[in-house]
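Engineer: Okay, handing you the structure first.
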Amino acid sequence: MNLNVSSFSLLSLTLLLLFSPTVTADNITHAFEKYSNFSTMSDLFTKTKLTTLISKYQTITLLAVNNNNISSITNKSAIELKNILMTHVILDYYDELKLKGMKEKSIMLTTLYQTTGLGEEMNGFLNCTKSKGRVYFGSGVKGSPLNAEYVTTLYHNPFNLSIIQISMPIVAPGLSLAVLPPPPPPVPLAPAPAPSTMNAAMAPSPSPMSGATPPAPAPGPELTPETETPEVDSPAPTPSADNEKIEAADKAGKTSSACKTRFSFEVVVLLMVFFVSFAWF
């Protein structure tokens, strides 16, 4: 009897797996079409061709962010964006009923990024934590913040596809391209010592042949050129009456002195002749 029950259960599970609907790109797109406020995320899943990759799985939960809060990742490169979106695809089924039934604890959820084999330090997992009745999501990397809060369930097809809204996108460490730090500032060189007065005096002046351009002379005070007055021969002064008297007196004095000298000489000659004549007699 027990064998028949076990066989029946195994057969039922097999039939359920065989005939259960699978996630397709079409039903993901149609699910997002009902919510125009999530059109940006729907377009990103299509552009990165993740809808095709997701269709290979039978059970998927998408973490969706509305147009107002997704702008922080839309400027990423194509590779970064694809990696980030893959961490928003949980390889399990979660809806509002299942999340509210969680106990106050944390669980690790496997994402689509983990299947690439590129996951490092738990960045292919999500931390789902329930605290004070609220559910939060964040990267599984140790120390990562749990900032993305569960808002509501947008679409659910039990045990197949669920789309739930979170408050903000999740960016796991290591999924974005590394940003190189700016180069360190150059080490300032010590200023050269100022040349002393003696060294400056002994320094050779630059040769004209060296090609060095002599420094321009420092501008001095602006001088107003004086008007040059051509030299003119001044006329000889006209002799006045006083000048004529002085010149006449000079001439008279010179004549008188000459006469006196001549008279004295004649007197001496006469005296000598007189004495000679007297001596003769």
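Convention: chains lettered A, B, ... in structure tokens order; per-chain residue numbering from 1; ligands numbered from 1 as shown.
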Which residues are close to Asp95 in chain A, i.e. within 8 Å by only C-alpha atoms, leaving aside same-chain residues fewer than 5 positions away? Reply as a list in words.

Structural biologist: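 The contact residues come out as Thr153, His156, Ser162, Ile163 and Ile164 of chain A.
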
Engineer: So, with only C-alpha atoms as the atoms that count, which of A:Leu175, A:Leu85, A:Leu271, A:Leu109 lies closest to Leu50 in chain A?

Structural biologist: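 Of A:Leu175, A:Leu85, A:Leu271, A:Leu109, the one nearest Leu50 in chain A, counting only C-alpha atoms, is A:Leu85.
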
Engineer: Would you give me, as a list in words, the residues in range 90-152 of chain A that DSSP reads as helix (DSSP H, G or I)?

Structural biologist: Glu96, Leu97, Lys98, Leu99, Lys100, Leu112, Tyr113, Gln114, Thr115 and Thr116 of chain A

Engineer: What's the 8 Å shell around Ala78 in chain A, counting only C-alpha atoms, without same-chain residues fewer than 3 positions away, as a PyMOL selection string?

Structural biologist: chain A and resi 48+81-82

Engineer: Between CA of Ser72 in chain A and CA of Lys56 in chain A, what is the distance in Å, rounded to a tenth?

Structural biologist: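 So the two atoms, CA of Ser72 in chain A and CA of Lys56 in chain A, lie 28.7 Å apart.
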
Engineer: Between CA of Ser71 in chain A and CA of Glu149 in chain A, what is the distance in Å, rounded to a tenth?

Structural biologist: 17.1 Å

Engineer: To one decimal place in Å, what is the distance between CA of Phe38 in chain A and CA of Asn66 in chain A?

Structural biologist: 4.7 Å

Engineer: Hey, what's within 10 Å of Gly101 in chain A if we count only C-alpha atoms and toss same-chain stuff fewer than 5 positions away? As a CSV table (one decimal) with C-alpha atoms, in the first residue's frame, please?

Structural biologist:
```csv
chain,number,residue,atom,x,y,z
A,96,GLU,CA,3.5,38.7,-1.0
A,130,LYS,CA,12.5,40.5,7.6
A,133,GLY,CA,7.2,43.2,9.8
```

Engineer: Using only C-alpha atoms, determine which residues lie at most 9 Å from His88 in chain A, disregarding the query and same-chain residues fewer than 3 positions distant; provide the list as a list in words.

Structural biologist: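 Near His88 in chain A, the qualifying residues are Thr61, Leu62, Leu63, Ala64, Ile84, Leu85, Thr111, Leu112, Tyr113, Leu126, Pro169 and Ile170 of chain A.
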
Engineer: Restricting the calculation to only C-alpha atoms, which member of A:Asn157, A:Asn83, A:Thr40, A:Asn27 is positioned closest to Asn69 in chain A?

Structural biologist: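 That would be A:Thr40, the residue with the smallest distance to Asn69 in chain A.
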
Engineer: Could you give me, as a PyMOL selection string, each residue of range 48-180 of chain A that DSSP assigns to strand (DSSP E or B) when run on this structure's backbone?

Structural biologist: chain A and resi 60-64+89-90+106-111+125-131+134-139+148-157+161-166

Engineer: Quick one: everything within 12 Å of Thr29 in chain A, counting only C-alpha atoms, minus sequence neighbours fewer than 2 positions away in the same chain. Send it as an NGL selection string.

Structural biologist: :A and (23-27 or 31-36 or 38-46 or 49-52 or 54-55 or 62 or 155 or 161 or 163)

Engineer: Grab the residues selected above and save them as a PDB file, in the first residue's frame with N, CA and C atoms.

Structural biologist:
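part_31.pdb was written with the following content:
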```
ATOM      1  N   VAL A  23       8.703  29.940 -17.814  1.00  0.00           N
ATOM      2  CA  VAL A  23       8.806  31.386 -17.987  1.00  0.00           C
ATOM      3  C   VAL A  23       9.247  31.663 -19.414  1.00  0.00           C
ATOM      4  N   THR A  24       8.566  32.552 -20.095  1.00  0.00           N
ATOM      5  CA  THR A  24       8.932  32.929 -21.460  1.00  0.00           C
ATOM      6  C   THR A  24       9.150  34.436 -21.537  1.00  0.00           C
ATOM      7  N   ALA A  25       9.855  34.815 -22.597  1.00  0.00           N
ATOM      8  CA  ALA A  25      10.100  36.245 -22.802  1.00  0.00           C
ATOM      9  C   ALA A  25       8.796  36.989 -23.017  1.00  0.00           C
ATOM     10  N   ASP A  26       7.845  36.317 -23.650  1.00  0.00           N
ATOM     11  CA  ASP A  26       6.567  36.980 -23.945  1.00  0.00           C
ATOM     12  C   ASP A  26       5.777  37.258 -22.678  1.00  0.00           C
ATOM     13  N   ASN A  27       5.704  36.252 -21.783  1.00  0.00           N
ATOM     14  CA  ASN A  27       4.865  36.527 -20.607  1.00  0.00           C
ATOM     15  C   ASN A  27       5.527  37.508 -19.646  1.00  0.00           C
ATOM     16  N   ALA A  31       3.566  40.886 -18.749  1.00  0.00           N
ATOM     17  CA  ALA A  31       3.353  41.215 -17.337  1.00  0.00           C
ATOM     18  C   ALA A  31       3.731  42.661 -17.050  1.00  0.00           C
ATOM     19  N   PHE A  32       4.815  43.146 -17.674  1.00  0.00           N
ATOM     20  CA  PHE A  32       5.244  44.533 -17.468  1.00  0.00           C
ATOM     21  C   PHE A  32       4.337  45.521 -18.200  1.00  0.00           C
ATOM     22  N   GLU A  33       3.674  45.083 -19.276  1.00  0.00           N
ATOM     23  CA  GLU A  33       2.857  45.996 -20.068  1.00  0.00           C
ATOM     24  C   GLU A  33       1.693  46.570 -19.266  1.00  0.00           C
ATOM     25  N   LYS A  34       1.283  45.873 -18.242  1.00  0.00           N
ATOM     26  CA  LYS A  34       0.152  46.347 -17.428  1.00  0.00           C
ATOM     27  C   LYS A  34       0.549  47.520 -16.535  1.00  0.00           C
ATOM     28  N   TYR A  35       1.878  47.753 -16.407  1.00  0.00           N
ATOM     29  CA  TYR A  35       2.355  48.790 -15.485  1.00  0.00           C
ATOM     30  C   TYR A  35       3.285  49.731 -16.250  1.00  0.00           C
ATOM     31  N   SER A  36       2.722  50.830 -16.720  1.00  0.00           N
ATOM     32  CA  SER A  36       3.528  51.787 -17.504  1.00  0.00           C
ATOM     33  C   SER A  36       4.621  52.442 -16.673  1.00  0.00           C
ATOM     34  N   PHE A  38       6.737  51.034 -15.005  1.00  0.00           N
ATOM     35  CA  PHE A  38       7.909  50.155 -14.984  1.00  0.00           C
ATOM     36  C   PHE A  38       8.427  49.901 -16.402  1.00  0.00           C
ATOM     37  N   SER A  39       8.104  50.807 -17.303  1.00  0.00           N
ATOM     38  CA  SER A  39       8.497  50.635 -18.705  1.00  0.00           C
ATOM     39  C   SER A  39      10.010  50.682 -18.891  1.00  0.00           C
ATOM     40  N   THR A  40      10.703  51.487 -18.098  1.00  0.00           N
ATOM     41  CA  THR A  40      12.162  51.581 -18.239  1.00  0.00           C
ATOM     42  C   THR A  40      12.821  50.255 -17.923  1.00  0.00           C
ATOM     43  N   MET A  41      12.420  49.602 -16.830  1.00  0.00           N
ATOM     44  CA  MET A  41      13.034  48.329 -16.478  1.00  0.00           C
ATOM     45  C   MET A  41      12.663  47.241 -17.488  1.00  0.00           C
ATOM     46  N   SER A  42      11.457  47.279 -17.999  1.00  0.00           N
ATOM     47  CA  SER A  42      11.066  46.319 -19.029  1.00  0.00           C
ATOM     48  C   SER A  42      11.933  46.480 -20.268  1.00  0.00           C
ATOM     49  N   ASP A  43      12.203  47.741 -20.664  1.00  0.00           N
ATOM     50  CA  ASP A  43      13.061  47.992 -21.829  1.00  0.00           C
ATOM     51  C   ASP A  43      14.494  47.520 -21.568  1.00  0.00           C
ATOM     52  N   LEU A  44      14.982  47.699 -20.340  1.00  0.00           N
ATOM     53  CA  LEU A  44      16.347  47.278 -20.023  1.00  0.00           C
ATOM     54  C   LEU A  44      16.485  45.759 -20.092  1.00  0.00           C
ATOM     55  N   PHE A  45      15.493  45.027 -19.632  1.00  0.00           N
ATOM     56  CA  PHE A  45      15.534  43.563 -19.726  1.00  0.00           C
ATOM     57  C   PHE A  45      15.535  43.113 -21.181  1.00  0.00           C
ATOM     58  N   THR A  46      14.798  43.841 -22.019  1.00  0.00           N
ATOM     59  CA  THR A  46      14.740  43.476 -23.440  1.00  0.00           C
ATOM     60  C   THR A  46      16.049  43.820 -24.140  1.00  0.00           C
ATOM     61  N   LYS A  49      18.816  41.491 -23.498  1.00  0.00           N
ATOM     62  CA  LYS A  49      18.454  40.133 -23.925  1.00  0.00           C
ATOM     63  C   LYS A  49      18.365  39.168 -22.748  1.00  0.00           C
ATOM     64  N   LEU A  50      18.061  39.695 -21.580  1.00  0.00           N
ATOM     65  CA  LEU A  50      17.912  38.826 -20.414  1.00  0.00           C
ATOM     66  C   LEU A  50      16.587  38.064 -20.443  1.00  0.00           C
ATOM     67  N   THR A  51      15.595  38.574 -21.152  1.00  0.00           N
ATOM     68  CA  THR A  51      14.319  37.856 -21.214  1.00  0.00           C
ATOM     69  C   THR A  51      14.499  36.491 -21.876  1.00  0.00           C
ATOM     70  N   THR A  52      15.403  36.427 -22.859  1.00  0.00           N
ATOM     71  CA  THR A  52      15.680  35.136 -23.513  1.00  0.00           C
ATOM     72  C   THR A  52      16.384  34.190 -22.559  1.00  0.00           C
ATOM     73  N   ILE A  54      16.236  34.289 -19.270  1.00  0.00           N
ATOM     74  CA  ILE A  54      15.311  33.942 -18.183  1.00  0.00           C
ATOM     75  C   ILE A  54      14.349  32.836 -18.612  1.00  0.00           C
ATOM     76  N   SER A  55      14.005  32.788 -19.889  1.00  0.00           N
ATOM     77  CA  SER A  55      13.019  31.811 -20.372  1.00  0.00           C
ATOM     78  C   SER A  55      13.511  30.368 -20.261  1.00  0.00           C
ATOM     79  N   LEU A  62      11.207  38.297 -10.310  1.00  0.00           N
ATOM     80  CA  LEU A  62      11.887  39.522 -10.756  1.00  0.00           C
ATOM     81  C   LEU A  62      11.672  40.619  -9.721  1.00  0.00           C
ATOM     82  N   TYR A 155       2.832  41.139 -10.172  1.00  0.00           N
ATOM     83  CA  TYR A 155       2.302  40.032 -10.970  1.00  0.00           C
ATOM     84  C   TYR A 155       2.746  38.735 -10.312  1.00  0.00           C
ATOM     85  N   LEU A 161       6.155  32.439 -12.204  1.00  0.00           N
ATOM     86  CA  LEU A 161       6.704  33.787 -12.398  1.00  0.00           C
ATOM     87  C   LEU A 161       6.064  34.753 -11.422  1.00  0.00           C
ATOM     88  N   ILE A 163       6.578  38.973 -10.152  1.00  0.00           N
ATOM     89  CA  ILE A 163       7.261  40.269 -10.277  1.00  0.00           C
ATOM     90  C   ILE A 163       6.864  41.099  -9.065  1.00  0.00           C
TER      91      ILE A 163
END
```

Engineer: Which residue gives the smallest distance to Gln58 in chain A among A:Val151, A:Leu91, A:Leu146, A:Val135, with only C-alpha atoms counted?

Structural biologist: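 Comparing A:Val151, A:Leu91, A:Leu146, A:Val135 against Gln58 in chain A, the winner is A:Leu91.
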
Engineer: Which residue gives the smallest distance to Gly140 in chain A among A:Thr110, A:Thr115, A:Ser167, A:Thr152, with only C-alpha atoms counted?

Structural biologist: A:Thr110
